[in-house]
$ cat start-v6.pdb   # PDB, C-alpha atoms
ATOM      1  CA  MET A1204       0.000   0.000   0.000
ATOM      2  CA  THR A1205       1.292   3.445  -0.859
ATOM      3  CA  SER A1206       0.926   6.635   1.088
ATOM      4  CA  TRP A1207      -1.145   9.640   0.074
ATOM      5  CA  ASP A1208       1.932  11.572  -1.083
ATOM      6  CA  GLU A1209       3.225   8.664  -3.161
ATOM      7  CA  ALA A1210      -0.165   8.026  -4.750
ATOM      8  CA  VAL A1211      -0.751  11.685  -5.576
ATOM      9  CA  GLY A1212       2.756  12.044  -6.993
ATOM     10  CA  GLU A1213       2.292   9.020  -9.218
ATOM     11  CA  LEU A1214      -1.185  10.030 -10.359
ATOM     12  CA  PHE A1215      -0.277  13.577 -11.293
ATOM     13  CA  ALA A1216       2.799  12.367 -13.174
ATOM     14  CA  LEU A1217       0.517  10.508 -15.599
ATOM     15  CA  PRO A1218      -0.953  11.977 -18.777
ATOM     16  CA  PRO A1219      -4.444  13.357 -18.012
ATOM     17  CA  ALA A1220      -6.084  10.677 -20.174
ATOM     18  CA  GLN A1221      -4.769   7.958 -17.843
ATOM     19  CA  PHE A1222      -5.549   9.766 -14.603
ATOM     20  CA  VAL A1223      -9.107   8.596 -13.848
ATOM     21  CA  LYS A1224      -8.444   4.899 -14.465
ATOM     22  CA  ALA A1225      -5.286   4.976 -12.343
ATOM     23  CA  ARG A1226      -6.968   7.018  -9.597
ATOM     24  CA  ASP A1227      -9.842   4.565  -9.401
ATOM     25  CA  ALA A1228      -7.417   1.624  -9.258
ATOM     26  CA  ARG A1229      -5.484   3.294  -6.416
ATOM     27  CA  ALA A1230      -8.700   4.006  -4.537
ATOM     28  CA  ALA A1231      -9.832   0.383  -4.940
ATOM     29  CA  GLU A1232      -6.431  -0.811  -3.714
ATOM     30  CA  ALA A1233      -6.708   1.414  -0.637
ATOM     31  CA  ARG A1234     -10.241   0.183   0.058
ATOM     32  CA  ARG A1235      -9.144  -3.467  -0.233
ATOM     33  CA  ALA A1236      -6.330  -2.713   2.212
ATOM     34  CA  GLY A1237      -8.897  -1.354   4.652
ATOM     35  CA  ASP A1238      -7.909   2.315   4.326
ATOM     36  CA  ARG A1239     -11.313   3.789   3.619
ATOM     37  CA  GLU A1240     -10.161   7.363   4.322
ATOM     38  CA  LEU A1241      -7.342   7.160   1.766
ATOM     39  CA  ALA A1242      -9.698   5.597  -0.770
ATOM     40  CA  GLU A1243     -12.185   8.446  -0.369
ATOM     41  CA  ARG A1244      -9.459  11.097  -0.594
ATOM     42  CA  LEU A1245      -8.126   9.527  -3.779
ATOM     43  CA  ARG A1246     -11.587   9.276  -5.356
ATOM     44  CA  ALA A1247     -12.077  13.002  -4.656
ATOM     45  CA  LEU A1248      -9.114  13.944  -6.851
ATOM     46  CA  HIS A1249     -10.022  15.535 -10.173
ATOM     47  CA  ARG A1250      -8.269  14.849 -13.453
ATOM     48  CA  PRO A1251      -5.865  17.707 -14.185
ATOM     49  CA  THR A1252      -6.383  19.887 -17.217
ATOM     50  CA  VAL A1253      -3.817  19.553 -19.973
ATOM     51  CA  ALA A1254      -2.369  22.937 -18.974
ATOM     52  CA  ALA A1255      -2.038  21.837 -15.348
ATOM     53  CA  ALA A1256      -0.395  18.579 -16.405
ATOM     54  CA  VAL A1257       2.125  20.474 -18.535
ATOM     55  CA  LEU A1258       2.893  22.776 -15.611
ATOM     56  CA  ASP A1259       3.339  19.797 -13.283
ATOM     57  CA  LEU A1260       5.808  18.234 -15.711
ATOM     58  CA  LEU A1261       7.579  21.539 -16.172
ATOM     59  CA  ALA A1262       7.883  22.004 -12.421
ATOM     60  CA  GLY A1263       9.271  18.515 -12.013
ATOM     61  CA  HIS A1264      11.779  18.639 -14.847
ATOM     62  CA  ARG A1265      12.505  22.300 -15.464
ATOM     63  CA  SER A1266      12.171  24.119 -12.196
ATOM     64  CA  GLU A1267      14.456  26.899 -13.419
ATOM     65  CA  GLU A1268      11.907  27.731 -16.116
ATOM     66  CA  VAL A1269       9.107  27.800 -13.570
ATOM     67  CA  ASP A1270      11.245  30.202 -11.559
ATOM     68  CA  ARG A1271      11.664  32.349 -14.687
ATOM     69  CA  LEU A1272       7.908  32.369 -15.265
ATOM     70  CA  LEU A1273       7.381  33.507 -11.679
ATOM     71  CA  GLU A1274       9.991  36.238 -12.141
ATOM     72  CA  LEU A1275       8.296  37.347 -15.347
ATOM     73  CA  GLY A1276       4.991  37.535 -13.489
ATOM     74  CA  GLN A1277       6.510  39.814 -10.872
ATOM     75  CA  GLU A1278       8.184  41.965 -13.530
ATOM     76  CA  LEU A1279       4.875  42.211 -15.406
ATOM     77  CA  ARG A1280       3.087  43.370 -12.235
ATOM     78  CA  GLU A1281       5.756  45.996 -11.652
ATOM     79  CA  ALA A1282       5.619  47.204 -15.266
ATOM     80  CA  GLN A1283       1.831  47.424 -15.074
ATOM     81  CA  ALA A1284       1.982  49.369 -11.820
ATOM     82  CA  SER A1285       4.401  51.858 -13.379
ATOM     83  CA  TRP A1286       2.367  52.149 -16.597
ATOM     84  CA  SER A1287       5.357  51.073 -18.697
ATOM     85  CA  GLY A1288       3.778  50.021 -21.992
ATOM     86  CA  PRO A1289       7.013  49.139 -23.809
ATOM     87  CA  ARG A1290       8.230  47.043 -20.859
ATOM     88  CA  LEU A1291       4.840  45.304 -20.603
ATOM     89  CA  ARG A1292       4.988  44.344 -24.289
ATOM     90  CA  GLU A1293       8.549  43.073 -23.946
ATOM     91  CA  LEU A1294       7.790  40.958 -20.875
ATOM     92  CA  ALA A1295       4.520  39.634 -22.273
ATOM     93  CA  GLY A1296       6.406  38.536 -25.385
ATOM     94  CA  GLN A1297       9.028  36.752 -23.276
ATOM     95  CA  ARG A1298       6.341  34.957 -21.304
ATOM     96  CA  ALA A1299       4.418  33.977 -24.432
ATOM     97  CA  ARG A1300       7.560  32.570 -26.082
ATOM     98  CA  LEU A1301       8.537  30.537 -23.023
ATOM     99  CA  VAL A1302       5.047  29.089 -22.620
ATOM    100  CA  ALA A1303       4.705  28.383 -26.361
ATOM    101  CA  GLU A1304       8.061  26.574 -26.462
ATOM    102  CA  ARG A1305       7.173  24.316 -23.548
ATOM    103  CA  LEU A1306       3.675  23.663 -24.901
ATOM    104  CA  ALA A1307       5.093  22.698 -28.300
ATOM    105  CA  GLU A1308       7.498  20.285 -26.603
ATOM    106  CA  ALA A1309       4.663  18.772 -24.592
ATOM    107  CA  VAL A1310       2.497  18.332 -27.690
ATOM    108  CA  ARG A1311       5.405  16.641 -29.511
ATOM    109  CA  GLY A1312       6.011  14.461 -26.469
ATOM    110  CA  ASP A1313       9.597  15.576 -26.011
ATOM    111  CA  GLU A1314      11.291  13.934 -23.048
ATOM    112  CA  ARG A1315      12.598  17.303 -21.931
ATOM    113  CA  ALA A1316       9.133  18.917 -21.630
TER     114      ALA A1316
END

$ encode --input "start-v6.pdb" --output "structure tokens"
Amino acid sequence: MTSWDEAVGELFALPPAQFVKARDARAAEARRAGDRELAERLRALHRPTVAAAVLDLLAGHRSEEVDRLLELGQELREAQASWSGPRLRELAGQRARLVAERLAEAVRGDERA
């Protein structure tokens, strides 16, 4: 029997299309093992959206890029607060390129994504 953290980690590492079947199998395993609470908690998990799944993979394999996205978010807030149109356009373009590159990798199924 696996713990909550192990089960959640394994489930959210799967492609979204496999999530529900695997979640239900984990919940059934927990119920058979007599852990009704774990089974109910697992069954309450929702399948992640494709965007959320991509972000989970990115966070697990490219944490430096997640950090850069967070930095860009802060820089965008600061540029917006200072009414800096040119800086906003520049930062928005950087963010869009970074997200588009990772999304393209995920769609292609690149190992690095």

$ closest_atom_pairs --input "start-v6.pdb" --of "range 1248-1272 of chain A" --to "range 1276-1295 of chain A" --cutoff "12 Å" --atoms "only C-alpha atoms" --output "tab-separated table"
residue	atom	partner	partner_atom	distance
A:Val1269	CA	A:Gly1276	CA	10.6
A:Asp1270	CA	A:Gly1276	CA	9.8
A:Arg1271	CA	A:Gly1276	CA	8.5
A:Leu1272	CA	A:Gly1276	CA	6.2

$ write_last_selection --input "start-v6.pdb" --atoms "C-alpha atoms" --output "PDB file, keeping the file's coordinate frame"
ATOM      1  CA  VAL A1269       9.107  27.800 -13.570  1.00  0.00           C
ATOM      2  CA  ASP A1270      11.245  30.202 -11.559  1.00  0.00           C
ATOM      3  CA  ARG A1271      11.664  32.349 -14.687  1.00  0.00           C
ATOM      4  CA  LEU A1272       7.908  32.369 -15.265  1.00  0.00           C
TER       5      LEU A1272
END

$ resolve_selection --input "start-v6.pdb" --expression "the PyMOL selection byres ((chain A and resi 1233-1245) around 10)" --output "PDB file with C-alpha atoms, in the coordinates of the input"
ATOM      1  CA  MET A1204       0.000   0.000   0.000  1.00  0.00           C
ATOM      2  CA  THR A1205       1.292   3.445  -0.859  1.00  0.00           C
ATOM      3  CA  SER A1206       0.926   6.635   1.088  1.00  0.00           C
ATOM      4  CA  TRP A1207      -1.145   9.640   0.074  1.00  0.00           C
ATOM      5  CA  ALA A1210      -0.165   8.026  -4.750  1.00  0.00           C
ATOM      6  CA  VAL A1211      -0.751  11.685  -5.576  1.00  0.00           C
ATOM      7  CA  LEU A1214      -1.185  10.030 -10.359  1.00  0.00           C
ATOM      8  CA  ARG A1226      -6.968   7.018  -9.597  1.00  0.00           C
ATOM      9  CA  ASP A1227      -9.842   4.565  -9.401  1.00  0.00           C
ATOM     10  CA  ALA A1228      -7.417   1.624  -9.258  1.00  0.00           C
ATOM     11  CA  ARG A1229      -5.484   3.294  -6.416  1.00  0.00           C
ATOM     12  CA  ALA A1230      -8.700   4.006  -4.537  1.00  0.00           C
ATOM     13  CA  ALA A1231      -9.832   0.383  -4.940  1.00  0.00           C
ATOM     14  CA  GLU A1232      -6.431  -0.811  -3.714  1.00  0.00           C
ATOM     15  CA  ARG A1246     -11.587   9.276  -5.356  1.00  0.00           C
ATOM     16  CA  ALA A1247     -12.077  13.002  -4.656  1.00  0.00           C
ATOM     17  CA  LEU A1248      -9.114  13.944  -6.851  1.00  0.00           C
ATOM     18  CA  HIS A1249     -10.022  15.535 -10.173  1.00  0.00           C
TER      19      HIS A1249
END

$ resolve_selection --input "start-v6.pdb" --expression "the PyMOL selection byres ((chain A and resi 1217-1221) around 12)" --output "ChimeraX atom specification"
/A:1210-1216,1222-1228,1249-1260,1309-1310,1312

$ axis_aligned_box --input "start-v6.pdb" --around "range 1295-1302 of chain A" --padding-each-side "6 Å" --output "lines of an AutoDock Vina configuration file"
center_x = 6.7
center_y = 34.4
center_z = -23.7
size_x = 16.6
size_y = 22.5
size_z = 16.8

$ residues_around --input "start-v6.pdb" --residues "Glu1268 in chain A" --least-positions-apart "4" --cutoff "10 Å" --atoms "only C-alpha atoms" --output "PyMOL selection string"
chain A and resi 1261-1262+1264+1272-1274+1301-1302+1305

$ write_last_selection --input "start-v6.pdb" --atoms "C-alpha atoms" --output "PDB file, keeping the file's coordinate frame"
ATOM      1  CA  LEU A1261       7.579  21.539 -16.172  1.00  0.00           C
ATOM      2  CA  ALA A1262       7.883  22.004 -12.421  1.00  0.00           C
ATOM      3  CA  HIS A1264      11.779  18.639 -14.847  1.00  0.00           C
ATOM      4  CA  LEU A1272       7.908  32.369 -15.265  1.00  0.00           C
ATOM      5  CA  LEU A1273       7.381  33.507 -11.679  1.00  0.00           C
ATOM      6  CA  GLU A1274       9.991  36.238 -12.141  1.00  0.00           C
ATOM      7  CA  LEU A1301       8.537  30.537 -23.023  1.00  0.00           C
ATOM      8  CA  VAL A1302       5.047  29.089 -22.620  1.00  0.00           C
ATOM      9  CA  ARG A1305       7.173  24.316 -23.548  1.00  0.00           C
TER      10      ARG A1305
END

$ closest_residue --input "start-v6.pdb" --among "A:Glu1308, A:Gly1263, A:Gly1296, A:Glu1209" --to "Leu1275 in chain A" --atoms "all atoms listed in the file"
A:Gly1296
